[in-house]
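J.: Sharing a structure here in structure tokens format.
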Amino acid sequence: MKLLLSVVIGFLVVFLCLYLLNKLPIKGRAKQIARVVIVVVGVLYLMRALGMLTGF
């Protein structure tokens with residue numbers, strides 16, 4: 001149950017960050033870099049939550 005909750009919270013945080021990023025008045029290239037950073041951090045968090053990444 002704890003694993004499922006962690007994964008759902010991870011998805012919600014990534015979705016919320018991407019949504020809020022779209023609302024900011026940032027130009028195209030900077031927004032694209034920020035999206036990539038958010039997605040990479042989200043994937044790393046989910047990998048850690050699932051036990052695939054133990055280095056952090």
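The chains in the structure tokens are called A, B, ... from first to last as shown; in each chain the residues are counted from 1, and the ligands are counted from 1 in the order shown.
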Using DSSP on the backbone, list every residue of chain A that comes out as alpha helix (DSSP H), and give them as a ChimeraX atom specification.
T.: /A:2-23,28-49
J.: The selected residues should be written to file as a short mmCIF file (atom, residue, chain, number, x, y, z; two decimals), in the first residue's frame (atoms: C-alpha atoms).
T.:
```cif
data_model
loop_
_atom_site.label_atom_id
_atom_site.label_comp_id
_atom_site.auth_asym_id
_atom_site.auth_seq_id
_atom_site.Cartn_x
_atom_site.Cartn_y
_atom_site.Cartn_z
CA LYS A 2 2.88 2.35 0.82
CA LEU A 3 4.42 1.71 -2.60
CA LEU A 4 1.19 2.50 -4.41
CA LEU A 5 0.75 5.70 -2.43
CA SER A 6 4.31 6.76 -3.18
CA VAL A 7 3.85 6.16 -6.92
CA VAL A 8 0.55 8.06 -7.03
CA ILE A 9 2.05 11.00 -5.14
CA GLY A 10 5.01 11.00 -7.53
CA PHE A 11 2.73 11.15 -10.57
CA LEU A 12 0.65 13.91 -9.02
CA VAL A 13 3.67 16.04 -8.16
CA VAL A 14 5.13 15.68 -11.67
CA PHE A 15 1.76 16.48 -13.25
CA LEU A 16 1.28 19.51 -11.00
CA CYS A 17 4.78 20.82 -11.73
CA LEU A 18 4.26 20.45 -15.49
CA TYR A 19 0.88 22.16 -15.25
CA LEU A 20 2.30 25.09 -13.28
CA LEU A 21 5.22 25.35 -15.71
CA ASN A 22 2.77 25.82 -18.58
CA LYS A 23 1.22 28.75 -16.71
CA GLY A 28 10.12 28.08 -25.62
CA ARG A 29 13.67 26.79 -25.12
CA ALA A 30 13.77 27.46 -21.36
CA LYS A 31 10.36 25.87 -20.90
CA GLN A 32 11.47 22.79 -22.81
CA ILE A 33 14.58 22.41 -20.63
CA ALA A 34 12.47 22.82 -17.48
CA ARG A 35 10.04 20.12 -18.71
CA VAL A 36 12.91 17.71 -19.29
CA VAL A 37 14.32 18.40 -15.83
CA ILE A 38 10.92 17.84 -14.19
CA VAL A 39 10.35 14.57 -16.04
CA VAL A 40 13.86 13.28 -15.27
CA VAL A 41 13.49 14.09 -11.57
CA GLY A 42 10.06 12.42 -11.58
CA VAL A 43 11.41 9.27 -13.22
CA LEU A 44 14.31 9.12 -10.78
CA TYR A 45 11.88 9.49 -7.87
CA LEU A 46 9.66 6.71 -9.18
CA MET A 47 12.63 4.44 -9.80
CA ARG A 48 13.79 5.03 -6.25
CA ALA A 49 10.28 4.39 -4.90
#
```
